[in-house]
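Colleague: What follows is a structure written as structure tokens; I'll ask about it next.
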Amino acid sequence: MASTITVPDGYGYVIGDLILSFVVFAILGEMVVRARKKYDVPYPTMYSDKSKVFNCYQRAHQNGLETLTFFTVFLLLGGLQHPLVAAVAGVVWCGGRLIYAVGYYTGDAGKRAPGSILSLLALFVLLGCTASLALHLLEYL
């Protein structure tokens, strides 16, 4: 049985979150570039043997990239079923990534926890929105 997916009202906010996530990762990437200069870590070196703080900048960026694919897929699919919930979760996720990074930039890995919690909660909300879409398409809901 074929299903038709209609782009719901409010889906523009979901697309806006994709633009926001691009801006967030451009900022995080630029922070790594600046940290490379400040802590004298040349390309293509990924991690420094001398600067723990540089490694925190690098990890803050890389950790976000490790979940970006899931975020994007869950946002786009979950937003088809629950566009406003997904859009709010997307903003929270992006904010969480920034809070995570700022905490990590201190050199104290424990200070990344608030951002990590926010990002994970938002990601699970998006997972729930995506699961709801799947269940609706399968006509279980």
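So you can find residues: chains in the structure tokens are A, B, ... in the order shown, residues in each start at 1, and ligands are numbered from 1 in order.
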Excluding Gly79 in chain A and any residue of its chain fewer than 3 positions from it, enumerate the residues within 12 Å of it, using only C-alpha atoms, and give them as a count of residues only.
Modeller: 39
Colleague: Residues near Phe54 in chain A, anyone? I mean within 8 Å using only C-alpha atoms, not counting same-chain ones fewer than 5 positions away, as a list in words.
Modeller: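 Counting only the stated atoms, we get Val32, Ala35, Arg36, Tyr39, Tyr47 and Ser48 of chain A.
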Colleague: I need the residue nearest Ile27 in chain A from this list: A:Ala60, A:Ala109, A:Leu77, A:Leu135. Use only C-alpha atoms for the distance.
Modeller: A:Ala60
Colleague: Contacts of Leu65 in chain A at 12 Å or less, counting only C-alpha atoms, minus same-chain residues fewer than 4 places along, as a compact mmCIF listing (two decimals) with N, CA and C atoms, in the first residue's frame?
Modeller:
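Saved file result_32.txt follows:
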```
# COMPACT_ATOMS: atom_id res chain seq x y z
N SER A 21 21.93 24.81 12.16
CA SER A 21 22.98 23.82 12.46
C SER A 21 24.22 24.08 11.62
N PHE A 22 24.05 24.55 10.39
CA PHE A 22 25.20 24.91 9.56
C PHE A 22 25.98 26.05 10.21
N VAL A 24 26.02 26.88 13.39
CA VAL A 24 26.65 26.37 14.62
C VAL A 24 27.96 25.65 14.28
N PHE A 25 27.94 24.79 13.27
CA PHE A 25 29.15 24.04 12.95
C PHE A 25 30.20 24.89 12.24
N ALA A 26 29.79 25.94 11.57
CA ALA A 26 30.76 26.89 11.03
C ALA A 26 31.48 27.59 12.18
N LEU A 28 31.86 26.40 15.30
CA LEU A 28 32.70 25.41 15.98
C LEU A 28 33.97 25.13 15.16
N GLY A 29 33.84 25.04 13.86
CA GLY A 29 35.00 24.82 13.00
C GLY A 29 35.96 25.99 13.07
N GLN A 58 39.07 20.66 19.66
CA GLN A 58 38.94 19.68 18.58
C GLN A 58 37.82 18.69 18.89
N ARG A 59 37.79 18.19 20.11
CA ARG A 59 36.78 17.20 20.49
C ARG A 59 35.38 17.81 20.52
N ALA A 60 35.26 19.06 20.93
CA ALA A 60 33.95 19.70 20.95
C ALA A 60 33.35 19.73 19.55
N HIS A 61 34.18 20.05 18.58
CA HIS A 61 33.72 20.07 17.19
C HIS A 61 33.46 18.66 16.67
N THR A 69 24.72 13.53 11.69
CA THR A 69 23.93 12.75 10.73
C THR A 69 22.61 12.30 11.34
N PHE A 70 22.67 11.77 12.56
CA PHE A 70 21.42 11.36 13.23
C PHE A 70 20.50 12.55 13.42
N PHE A 71 21.07 13.67 13.87
CA PHE A 71 20.27 14.88 14.07
C PHE A 71 19.55 15.27 12.79
N THR A 72 20.28 15.32 11.68
CA THR A 72 19.70 15.76 10.41
C THR A 72 18.58 14.83 9.95
N CYS A 94 20.91 22.51 18.78
CA CYS A 94 21.95 23.46 18.35
C CYS A 94 22.49 24.26 19.54
N ARG A 97 24.74 22.10 21.59
CA ARG A 97 26.07 21.92 20.99
C ARG A 97 26.98 23.10 21.34
```
Colleague: Between CA of Leu121 in chain A and CA of Asp108 in chain A, what is the spacing in Å?
Modeller: 22.1 Å
Colleague: For Val91 in chain A, which residue out of A:Ser119, A:Asn63, A:Ser51, A:Ser3 is the nearest one, using only C-alpha atoms?
Modeller: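 Of A:Ser119, A:Asn63, A:Ser51, A:Ser3, the one nearest Val91 in chain A is A:Ser119, counting only C-alpha atoms.
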Colleague: Separation of CA of Tyr43 in chain A and CA of Cys56 in chain A, in Å?
Modeller: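 Separation between CA of Tyr43 in chain A and CA of Cys56 in chain A: 16.4 Å.
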Colleague: Restricting the calculation to only C-alpha atoms, which member of A:Tyr104, A:Ala2, A:Pro42, A:Ala113 is positioned closest to Asn55 in chain A?
Modeller: A:Tyr104
Colleague: Give me, please, the distance in Å between CA of Ile117 in chain A and CA of Ile99 in chain A, quoted to one decimal.
Modeller: 10.0 Å
Colleague: Taking only chain A into account, list the residues labelled alpha helix (DSSP H) by DSSP (computed from the backbone), as a PyMOL selection string.
Modeller: chain A and resi 11-38+52-81+83-104+113-137
